file target28.txt (compact mmCIF, C-alpha atoms)
# COMPACT_ATOMS: atom_id res chain seq x y z
CA MET A 18 40.42 12.07 -1.56
CA SER A 19 38.00 10.94 -4.23
CA ILE A 20 34.30 10.34 -3.83
CA SER A 21 32.84 7.37 -5.72
CA PRO A 22 29.60 7.65 -7.72
CA GLU A 23 28.08 5.16 -5.28
CA GLU A 24 28.93 7.35 -2.29
CA LEU A 25 27.56 10.38 -4.08
CA ALA A 26 24.29 8.58 -4.85
CA ALA A 27 24.04 7.41 -1.25
CA TYR A 28 24.54 11.01 -0.16
CA ALA A 29 21.83 12.25 -2.53
CA ASP A 30 19.43 9.60 -1.21
CA GLY A 31 20.10 10.48 2.43
CA GLU A 32 21.77 7.15 3.11
CA LEU A 33 24.96 8.43 4.73
CA ALA A 34 25.62 9.19 8.37
CA ASN A 35 28.44 10.29 10.64
CA ASP A 36 31.95 10.19 9.17
CA ALA A 37 30.89 9.18 5.68
CA LEU A 38 28.31 11.96 5.55
CA ALA A 39 30.82 14.56 6.77
CA ARG A 40 33.45 13.41 4.28
CA VAL A 41 31.14 13.48 1.25
CA ALA A 42 29.51 16.74 2.31
CA ALA A 43 32.93 18.38 2.63
CA ALA A 44 33.95 17.12 -0.81
CA ILE A 45 30.73 18.43 -2.37
CA ALA A 46 31.19 21.80 -0.71
CA ALA A 47 34.61 22.05 -2.32
CA ASP A 48 33.65 20.82 -5.78
CA PRO A 49 30.75 22.33 -7.79
CA ASP A 50 30.85 19.39 -10.19
CA LEU A 51 30.00 16.95 -7.38
CA LEU A 52 27.14 19.20 -6.33
CA ARG A 53 25.85 19.20 -9.91
CA GLN A 54 25.91 15.39 -9.94
CA VAL A 55 23.87 15.31 -6.75
CA GLU A 56 21.37 17.65 -8.34
CA VAL A 57 21.11 15.46 -11.45
CA HIS A 58 20.45 12.46 -9.22
CA ARG A 59 17.71 14.25 -7.32
CA ALA A 60 16.16 15.68 -10.46
CA LEU A 61 15.91 12.19 -11.95
CA LYS A 62 14.36 10.90 -8.74
CA ALA A 63 11.75 13.68 -8.81
CA ARG A 64 11.00 13.00 -12.47
CA LEU A 65 10.56 9.26 -11.93
CA SER A 66 8.39 9.77 -8.85
CA GLY A 67 6.23 12.20 -10.77
CA HIS A 68 6.01 9.88 -13.74
CA PHE A 69 4.67 6.92 -11.76
CA ALA A 70 2.65 8.83 -9.16
CA PRO A 71 -0.59 8.99 -11.22
CA ILE A 72 -0.91 5.19 -10.99
CA LEU A 73 -1.65 5.61 -7.27
CA GLU A 74 -4.70 7.72 -8.10
CA GLN A 75 -6.09 5.40 -10.75
CA PRO A 76 -8.96 3.11 -9.81
CA VAL A 77 -7.71 -0.41 -9.19
CA PRO A 78 -9.15 -2.82 -11.80
CA ASP A 79 -12.04 -4.87 -10.45
CA ARG A 80 -10.41 -8.15 -11.42
CA LEU A 81 -7.62 -7.42 -8.91
CA LYS A 82 -9.98 -6.34 -6.16
CA GLN A 83 -12.13 -9.41 -6.76
CA LEU A 84 -9.19 -11.61 -5.77
CA LEU A 85 -9.28 -10.03 -2.34
CA VAL A 86 -12.92 -9.42 -1.55
CA GLY A 87 -15.35 -12.27 -1.39
CA THR A 88 -12.74 -14.89 -0.57
CA GLY A 89 -13.54 -14.76 3.14
CA ASP A 90 -17.28 -14.42 3.02
CA VAL A 91 -18.52 -17.13 5.33
CA VAL A 92 -21.98 -15.64 5.73
CA ASN A 93 -24.20 -16.27 2.78
CA GLY A 94 -22.00 -16.14 -0.24
CA ASP A 95 -23.78 -13.41 -2.12
CA GLY A 96 -20.71 -12.89 -4.23
CA LYS A 97 -20.16 -9.44 -2.82
CA GLY A 98 -18.47 -10.47 0.38
CA GLY A 99 -15.52 -8.83 1.98
CA VAL A 100 -14.91 -5.97 4.28
CA ILE A 101 -15.22 -3.22 1.72
CA ASP A 102 -18.78 -4.06 0.93
CA PHE A 103 -19.81 -3.65 4.51
CA ALA A 104 -22.98 -1.69 3.84
CA THR A 105 -24.50 -4.85 2.45
CA ALA A 106 -23.33 -6.87 5.40
CA SER A 107 -24.65 -4.27 7.76
CA ALA A 108 -28.08 -4.25 6.12
CA ARG A 109 -28.14 -8.02 6.27
CA GLN A 110 -27.25 -7.81 9.92
CA ARG A 111 -30.07 -5.44 10.70
CA ALA A 112 -32.53 -7.69 8.95
CA ARG A 113 -31.62 -10.56 11.24
CA PRO A 114 -32.44 -10.57 14.95
CA ARG A 115 -29.36 -10.51 17.12
CA LEU A 116 -29.32 -13.38 19.53
CA PRO A 117 -26.86 -13.15 22.37
CA GLY A 118 -25.12 -16.44 22.88
CA TRP A 119 -26.29 -17.81 19.58
CA ASN A 120 -24.19 -20.74 18.61
CA TRP A 121 -22.56 -20.24 15.25
CA GLY A 122 -20.74 -23.53 15.41
CA GLY A 123 -17.91 -23.56 12.94
CA VAL A 124 -16.57 -20.19 13.94
CA ALA A 125 -16.04 -20.95 17.60
CA ILE A 126 -12.34 -20.05 17.55
CA ALA A 127 -13.08 -16.59 16.25
CA ALA A 128 -15.83 -16.25 18.81
CA SER A 129 -13.43 -16.80 21.66
CA LEU A 130 -11.17 -14.11 20.23
CA VAL A 131 -13.94 -11.59 20.04
CA ALA A 132 -15.00 -12.38 23.57
CA ALA A 133 -11.52 -11.54 24.80
CA LEU A 134 -11.64 -8.03 23.43
CA THR A 135 -12.58 -4.83 25.06
CA PHE A 136 -14.06 -2.23 22.83
CA THR A 137 -16.00 0.75 24.00
CA THR A 138 -18.44 2.71 21.94
CA MET A 139 -19.34 6.15 23.11
CA GLY A 140 -22.93 6.53 24.20
CA SER A 141 -25.04 9.05 22.36
CA ARG A 142 -25.80 10.62 25.77
CA ASP A 143 -22.26 11.98 25.70
CA SER A 144 -23.26 14.97 23.65
CA THR A 145 -20.14 16.99 24.39
CA GLY A 146 -17.97 14.17 23.08
CA SER A 147 -14.22 14.01 23.17
CA TYR A 148 -11.94 14.79 20.28
CA ALA A 149 -8.74 13.44 18.84
CA GLY A 150 -5.57 15.18 19.95
CA ALA A 151 -3.35 17.08 17.56
CA LYS A 152 -1.21 14.16 16.36
CA LEU A 153 -4.08 11.77 15.72
CA ALA A 154 -6.22 14.55 14.25
CA HIS A 155 -3.44 15.41 11.85
CA ALA A 156 -3.17 11.79 10.74
CA LEU A 157 -6.93 11.51 10.27
CA GLU A 158 -7.00 14.79 8.40
CA THR A 159 -4.18 14.01 6.00
CA GLN A 160 -3.52 10.26 5.58
CA LEU A 161 -5.15 8.40 2.72
CA VAL A 162 -5.66 4.66 2.96
CA ALA A 163 -4.19 4.13 -0.47
CA THR A 164 -1.00 6.10 -0.05
CA GLN A 165 -0.08 5.98 3.63
CA PRO A 166 2.98 3.88 4.51
CA SER A 167 1.95 0.37 5.51
CA ASP A 168 3.65 0.88 8.86
CA ALA A 169 2.04 4.27 9.49
CA GLN A 170 1.27 5.00 13.15
CA PRO A 171 -1.62 5.36 13.31
CA ARG A 172 -2.77 3.60 10.17
CA VAL A 173 -6.16 4.52 8.76
CA MET A 174 -8.05 1.34 7.90
CA LEU A 175 -10.96 2.84 6.02
CA SER A 176 -13.23 5.84 5.70
CA PHE A 177 -16.99 5.99 5.45
CA ARG A 178 -19.99 8.21 6.08
CA ASN A 179 -22.14 7.73 9.17
CA GLY A 180 -25.92 8.01 9.38
CA VAL A 181 -25.89 11.81 9.50
CA GLY A 182 -23.48 12.13 6.60
CA GLU A 183 -20.31 12.93 8.53
CA PHE A 184 -17.03 11.48 7.33
CA CYS A 185 -15.69 8.89 9.74
CA ARG A 186 -12.40 7.05 9.77
CA ALA A 187 -11.34 3.85 11.50
CA TYR A 188 -7.74 3.74 12.57
CA GLY A 189 -5.34 1.60 14.54
CA SER A 190 -1.88 1.87 16.00
CA SER A 191 0.44 0.17 18.45
CA LYS A 192 -1.25 2.09 21.25
CA ALA A 193 -4.91 2.38 20.43
CA SER A 194 -7.57 1.98 17.82
CA GLY A 195 -10.88 3.60 17.23
CA ILE A 196 -13.28 5.42 15.02
CA ALA A 197 -13.60 9.17 14.81
CA CYS A 198 -16.04 11.29 12.84
CA ARG A 199 -15.38 14.78 11.58
CA ASP A 200 -17.62 17.59 12.75
CA ALA A 201 -17.16 21.32 12.93
CA LYS A 202 -14.96 21.06 16.00
CA GLY A 203 -12.67 18.28 14.88
CA TRP A 204 -12.41 14.50 14.92
CA ARG A 205 -14.93 13.30 17.49
CA PHE A 206 -14.33 9.86 18.94
CA GLU A 207 -17.13 7.42 18.30
CA ALA A 208 -15.40 4.30 19.49
CA LEU A 209 -12.14 3.46 21.18
CA GLY A 210 -10.35 0.14 21.35
CA GLY A 211 -7.03 -1.48 22.07
CA ALA A 212 -3.84 -1.66 20.09
CA THR A 213 -4.02 -3.13 16.62
CA ALA A 214 -0.30 -3.55 16.07
CA ASN A 215 2.70 -4.75 18.05
CA SER A 216 0.56 -5.99 20.86
CA ASP A 217 1.26 -9.14 22.77
CA SER A 218 -0.10 -11.62 20.30
CA GLU A 219 -0.97 -11.98 16.70
CA PHE A 220 -4.51 -12.97 17.53
CA ARG A 221 -5.12 -10.01 19.74
CA MET A 222 -3.93 -7.75 17.01
CA ALA A 223 -6.17 -9.27 14.40
CA GLY A 224 -9.08 -9.31 16.80
CA SER A 225 -8.82 -5.65 17.70
CA GLU A 226 -8.68 -4.56 14.13
CA ALA A 227 -11.57 -6.82 13.23
CA GLU A 228 -13.56 -5.34 16.08
CA VAL A 229 -12.98 -1.81 14.85
CA LEU A 230 -14.03 -2.80 11.36
CA ALA A 231 -17.12 -4.57 12.68
CA VAL A 232 -18.22 -1.46 14.59
CA ALA A 233 -17.52 0.62 11.48
CA GLN A 234 -19.89 -1.66 9.59
CA ASP A 235 -22.63 -0.89 12.08
CA MET A 236 -22.07 2.85 11.87
CA ALA A 237 -21.73 3.19 8.12
CA SER A 238 -24.54 4.40 5.93
CA GLY A 239 -22.92 3.14 2.72
CA PRO A 240 -19.85 1.42 1.40
CA ALA A 241 -16.35 2.41 2.43
CA LEU A 242 -14.99 5.34 0.47
CA SER A 243 -12.97 4.44 -2.59
CA ALA A 244 -9.48 5.89 -2.99
CA GLU A 245 -10.85 8.65 -5.22
CA GLU A 246 -13.72 9.45 -2.87
CA GLU A 247 -11.34 9.57 0.03
CA ALA A 248 -8.99 11.93 -1.79
CA ALA A 249 -11.94 14.16 -2.70
CA ALA A 250 -13.12 14.14 0.90
CA ARG A 251 -9.69 15.18 2.09
CA ALA A 252 -9.59 17.96 -0.49
CA SER A 253 -12.88 19.25 0.88
CA GLY A 254 -11.52 19.23 4.41
CA TRP A 255 -13.80 16.29 5.32
CA THR A 256 -16.72 18.67 5.50
CA ASP A 257 -18.26 18.27 2.06
CA MET B 10 -19.29 -1.43 27.43
CA ARG B 11 -20.94 -2.62 24.33
CA ASP B 12 -22.50 -6.02 24.34
CA HIS B 13 -21.06 -8.34 21.74
CA PRO B 14 -23.16 -11.32 20.91
CA PHE B 15 -21.09 -13.25 18.50
CA ASN B 16 -22.23 -13.17 14.95
CA PRO B 17 -20.75 -14.53 11.74
CA ARG B 18 -20.08 -11.11 10.31
CA ARG B 19 -17.23 -10.72 12.78
CA ALA B 20 -15.76 -14.02 11.76
CA LYS B 21 -15.87 -12.84 8.18
CA THR B 22 -14.09 -9.66 9.14
CA LEU B 23 -11.39 -11.62 10.90
CA SER B 24 -10.81 -13.91 7.99
CA THR B 25 -10.53 -11.04 5.54
CA LEU B 26 -8.02 -8.95 7.46
CA PHE B 27 -5.09 -10.09 5.38
CA GLU B 28 -7.06 -9.38 2.23
CA GLN B 29 -8.01 -5.96 3.56
CA ARG B 30 -4.38 -5.02 4.09
CA VAL B 31 -3.35 -6.26 0.67
CA LEU B 32 -6.26 -4.30 -0.77
CA GLU B 33 -4.85 -1.15 0.80
CA LEU B 34 -1.49 -1.86 -0.80
CA LEU B 35 -2.92 -2.40 -4.29
CA PRO B 36 -2.27 1.10 -5.66
CA ARG B 37 1.39 0.85 -4.66
CA LEU B 38 1.69 -2.71 -5.90
CA ARG B 39 0.30 -1.62 -9.25
CA ARG B 40 2.81 1.20 -9.46
CA PHE B 41 5.72 -1.15 -8.89
CA ALA B 42 4.26 -3.74 -11.27
CA VAL B 43 3.78 -1.24 -14.09
CA GLY B 44 7.31 0.01 -13.52
CA LEU B 45 8.76 -3.49 -13.66
CA ALA B 46 6.71 -4.68 -16.61
CA GLY B 47 6.84 -1.41 -18.49
CA HIS B 48 3.21 -1.60 -19.58
CA PRO B 49 -0.07 -1.16 -17.67
CA ALA B 50 -1.69 -4.39 -18.92
CA ASP B 51 1.40 -6.49 -18.19
CA GLY B 52 1.67 -4.73 -14.85
CA ASP B 53 -1.84 -5.74 -13.86
CA ASP B 54 -1.19 -9.34 -14.92
CA LEU B 55 1.90 -9.28 -12.73
CA CYS B 56 -0.16 -7.80 -9.92
CA GLN B 57 -2.73 -10.58 -10.24
CA MET B 58 -0.08 -13.29 -10.09
CA THR B 59 1.46 -11.58 -7.07
CA ILE B 60 -1.85 -11.43 -5.19
CA GLU B 61 -2.61 -15.06 -5.96
CA ARG B 62 0.79 -16.21 -4.75
CA ALA B 63 0.57 -14.04 -1.64
CA LEU B 64 -2.83 -15.48 -0.77
CA SER B 65 -1.56 -19.02 -1.21
CA ARG B 66 1.47 -18.29 0.99
CA ARG B 67 -0.12 -16.01 3.52
CA ASP B 68 0.98 -18.27 6.37
CA GLN B 69 4.58 -17.46 5.48
CA TRP B 70 4.12 -13.77 6.19
CA GLN B 71 5.18 -12.91 9.72
CA GLU B 72 2.79 -10.67 11.55
CA GLY B 73 4.61 -7.51 12.57
CA SER B 74 6.95 -7.54 9.59
CA ARG B 75 6.26 -5.23 6.70
CA LEU B 76 3.60 -6.61 4.43
CA ASP B 77 4.58 -4.24 1.63
CA SER B 78 8.19 -5.47 1.51
CA TRP B 79 6.98 -9.07 1.56
CA MET B 80 4.59 -8.44 -1.34
CA TYR B 81 7.20 -6.54 -3.33
CA ARG B 82 9.61 -9.44 -2.93
CA ILE B 83 6.99 -11.86 -4.23
CA MET B 84 6.22 -9.61 -7.17
CA ARG B 85 9.85 -9.10 -8.01
CA ASN B 86 10.57 -12.82 -7.89
CA ILE B 87 7.62 -13.63 -10.15
CA TRP B 88 8.79 -11.00 -12.60
CA ILE B 89 12.36 -12.30 -12.68
CA ASP B 90 11.07 -15.84 -13.22
CA GLU B 91 8.81 -14.64 -16.01
CA CYS B 92 11.67 -12.83 -17.69
CA ARG B 93 13.96 -15.84 -17.52
CA ALA B 94 11.32 -18.26 -18.69
CA ARG B 95 10.17 -16.12 -21.54
CA SER B 96 13.24 -14.09 -22.38
CA ARG B 97 12.66 -14.49 -26.11
CA ARG B 98 9.19 -13.06 -25.84
CA MET B 99 10.43 -10.18 -23.72
CA GLU B 100 13.13 -9.26 -26.20
CA THR B 101 10.49 -9.13 -28.90
CA PHE B 102 8.32 -7.01 -26.65
CA VAL B 103 11.06 -4.44 -26.06
CA ASP B 104 12.06 -4.40 -29.72
CA GLU B 105 8.50 -3.74 -30.74
CA GLU B 106 8.25 -0.80 -28.41
CA ALA B 107 11.55 0.64 -29.52
CA GLY B 108 10.52 0.22 -33.15
CA LEU B 109 7.13 1.77 -32.62
CA SER B 110 8.52 4.72 -30.81
CA VAL B 111 10.86 5.49 -33.67
CA GLY B 112 8.71 4.59 -36.62
CA SER B 113 5.29 5.76 -35.58
CA ASP B 114 3.84 9.17 -36.17
CA GLY B 115 1.99 8.88 -32.87
CA GLY B 116 -1.32 7.97 -34.44
CA GLN B 117 -1.65 4.77 -32.45
CA GLU B 118 -3.44 5.16 -29.21
CA ALA B 119 -1.29 2.62 -27.41
CA LEU B 120 1.63 4.93 -27.76
CA VAL B 121 0.04 7.84 -26.02
CA ALA B 122 0.77 6.47 -22.59
CA LEU B 123 4.29 5.39 -23.48
CA GLY B 124 6.47 8.33 -22.60
CA ASP B 125 10.19 8.98 -22.70
CA VAL B 126 10.59 7.64 -19.18
CA ASP B 127 8.88 4.35 -20.05
CA ARG B 128 11.09 3.83 -23.08
CA ALA B 129 14.24 4.66 -21.15
CA MET B 130 13.24 2.33 -18.29
CA ALA B 131 12.56 -0.46 -20.77
CA LYS B 132 16.16 -0.31 -21.92
CA LEU B 133 17.60 -1.01 -18.47
CA PRO B 134 18.63 -4.51 -17.42
CA GLU B 135 16.16 -5.99 -14.92
CA ASP B 136 18.49 -5.70 -11.93
CA GLN B 137 19.07 -2.00 -12.55
CA ARG B 138 15.43 -1.24 -13.26
CA GLU B 139 14.22 -2.81 -10.03
CA ALA B 140 16.90 -0.99 -8.02
CA VAL B 141 15.92 2.35 -9.58
CA LEU B 142 12.21 1.70 -9.00
CA LEU B 143 12.57 0.59 -5.40
CA VAL B 144 14.73 3.54 -4.35
CA MET B 145 13.71 6.38 -6.63
CA VAL B 146 10.00 5.65 -7.05
CA GLU B 147 8.97 3.51 -4.10
CA GLY B 148 11.20 5.38 -1.67
CA TYR B 149 12.80 2.40 0.02
CA SER B 150 16.15 2.76 1.79
CA TYR B 151 19.08 0.94 0.19
CA LYS B 152 18.91 -1.62 2.97
CA GLU B 153 15.20 -2.29 2.47
CA ALA B 154 15.56 -2.43 -1.31
CA ALA B 155 18.52 -4.82 -1.00
CA ALA B 156 16.44 -7.09 1.23
CA ILE B 157 13.61 -7.14 -1.31
CA VAL B 158 15.86 -8.18 -4.20
CA ASP B 159 18.04 -10.32 -1.94
CA CYS B 160 21.46 -8.82 -2.64
CA PRO B 161 24.09 -6.98 -0.57
CA VAL B 162 23.54 -3.26 0.03
CA GLY B 163 26.71 -2.39 -1.89
CA THR B 164 25.47 -4.32 -4.92
CA LEU B 165 22.13 -2.53 -4.77
CA ASN B 166 23.96 0.79 -4.55
CA SER B 167 26.05 0.08 -7.63
CA ARG B 168 23.08 -1.22 -9.67
CA LEU B 169 21.24 1.96 -8.77
CA VAL B 170 24.13 4.11 -9.96
CA ARG B 171 24.47 2.23 -13.24
CA GLY B 172 20.74 2.40 -13.87
CA ARG B 173 20.64 6.05 -12.97
CA ASP B 174 23.54 6.89 -15.27
CA ALA B 175 21.89 5.04 -18.15
CA LEU B 176 18.61 6.88 -17.58
CA VAL B 177 20.32 10.25 -17.37
CA ALA B 178 22.10 9.52 -20.65
CA LEU B 179 18.86 8.37 -22.33
CA LEU B 180 16.73 11.19 -21.00
CA GLY B 181 19.21 13.89 -21.79
CA GLY B 182 21.84 14.98 -19.34
CA GLU B 183 20.03 17.04 -16.77
CA ALA B 184 17.18 14.52 -16.40
call {"tool": "encode", "arguments": {"input": "target28.txt", "output": "structure tokens"}}
result
Amino acid sequence: MSISPEELAAYADGELANDALARVAAAIAADPDLLRQVEVHRALKARLSGHFAPILEQPVPDRLKQLLVGTGDVVNGDGKGGVIDFATASARQRARPRLPGWNWGGVAIAASLVAALTFTTMGSRDSTGSYAGAKLAHALETQLVATQPSDAQPRVMLSFRNGVGEFCRAYGSSKASGIACRDAKGWRFEALGGATANSDSEFRMAGSEAEVLAVAQDMASGPALSAEEEAAARASGWTD
Amino acid sequence: MRDHPFNPRRAKTLSTLFEQRVLELLPRLRRFAVGLAGHPADGDDLCQMTIERALSRRDQWQEGSRLDSWMYRIMRNIWIDECRARSRRMETFVDEEAGLSVGSDGGQEALVALGDVDRAMAKLPEDQREAVLLVMVEGYSYKEAAAIVDCPVGTLNSRLVRGRDALVALLGGEA
């Protein structure tokens, strides 16, 4: 019974299951040459991965980022718009009195979405705080925005420093969203919200995530961490 | 509960969500683009075209589906179109690199970044290169990779094997 190169590659890439897996595995066990071919396949895969991996750590050219930030700035078009530059937006916000019920006209649709959301920020009176459980804490401790899978659960949206210099991270998942800041004890919840993915409607999803990001803007003392800053923060254990 | 008077900043955040998610994907998109194009500058041009097309077709992306796969498909299609439209230029491009790599003593800075792997990848036909990149670098399953390049899984599997064998031969046996 011969094993095709395609089957062998599929085996090496973990693509086989059940009968096909058993058949190829048995053939490899009986034939050192097949095993060697699997090893060559995996060695090439490791070499290619290693060769292209540094690109993930490089700073993204500004001309690419510029295509994505600033396009949605409906506020005052200072040319720096976009979520990433939220320290500027936050400062602008503080400079302007907040008027409940203020009519912003052209953005009424978005307003109705925001009104439908529930989002709770923890009061500062809660000095004991509550902390992320093991699974979420692990994700917050290890995932980087730039390299996490796009369907990660939870997905970290961004990282920033709060007013007292702690690292904080906004995250979302199919179950919950929120913001947690790292202190000596762990990842302390600062805000908790609803699901940001796979919830009942597209609008709810977008709204929840937007809400988390908006609260992050209020809490941040500077811009969101860049990919390099985030990697450095992780390397330091988020304690600096 | 936190009081939420509406303010325009939130509207801005809403309208930039799509951009924010694409922004998060940029490092990976650049990796795939550089792999396809074989050169960092060409890769970033490809990335730019991909972002522009994605923004103009954002209503075609289905919420809940994988944004990364959707973006990769756009990028791959742009690249294939570019190659077909400008095949003469691309042949020249590859010839130049092959010539430089043989004839140069390494004194030219542009060559520093061009390693054995880049030269070997440049020799693969497009369909094999994209299969190798999607599976061996980007880590997609055969099924996901086949969906991105729009071919049957078996075809993807065989392109991968042919590309792999060519690379192993070019890079020297044991990879």
call {"tool": "closest_residue", "arguments": {"input": "target28.txt", "among": "B:Trp79, B:Trp88, B:Phe27, B:Tyr149", "to": "Leu45 of chain B", "atoms": "only C-alpha atoms"}}
result
B:Trp88
call {"tool": "residues_around", "arguments": {"input": "target28.txt", "residues": "segment 41-52 of chain A", "least_positions_apart": "4", "cutoff": "12 Å", "atoms": "only C-alpha atoms", "output": "count of residues only"}}
result
23
call {"tool": "atom_distance", "arguments": {"input": "target28.txt", "atom1": "atom CA of Lys152 of chain A", "atom2": "atom CA of Glu183 of chain A"}}
result
20.7 Å
call {"tool": "atom_distance", "arguments": {"input": "target28.txt", "atom1": "atom CA of Val232 of chain A", "atom2": "atom CA of Ala208 of chain A"}}
result
8.1 Å
call {"tool": "residues_around", "arguments": {"input": "target28.txt", "residues": "Val126 of chain B", "least_positions_apart": "6", "cutoff": "8 Å", "atoms": "all atoms listed in the file", "output": "tab-separated table (two decimals) with C-alpha atoms, in the frame of the given file"}}
result
chain	number	residue	atom	x	y	z
A	65	LEU	CA	10.56	9.26	-11.93
A	68	HIS	CA	6.01	9.88	-13.74
B	180	LEU	CA	16.73	11.19	-21.00
call {"tool": "closest_residue", "arguments": {"input": "target28.txt", "among": "A:Leu157, A:Val162, A:Ala169, A:Leu73", "to": "Cys198 of chain A", "atoms": "only C-alpha atoms"}}
result
A:Leu157
call {"tool": "closest_residue", "arguments": {"input": "target28.txt", "among": "A:Glu228, A:Leu153, A:Gly203, A:Ala233", "to": "Asn179 of chain A", "atoms": "all atoms listed in the file"}}
result
A:Ala233
call {"tool": "residues_near_point", "arguments": {"input": "target28.txt", "point": "(10.2, 1.1, -9.3)", "cutoff": "8 Å", "atoms": "all atoms listed in the file", "output": "PyMOL selection string"}}
result
chain B and resi 40-42+44-45+138-147
call {"tool": "atom_distance", "arguments": {"input": "target28.txt", "atom1": "atom CA of Arg82 of chain B", "atom2": "atom CA of Asp51 of chain B"}}
result
17.6 Å
call {"tool": "closest_residue", "arguments": {"input": "target28.txt", "among": "A:Ile196, A:Ala249, A:Leu81, A:Met236", "to": "chain B", "atoms": "all atoms listed in the file"}}
result
A:Leu81
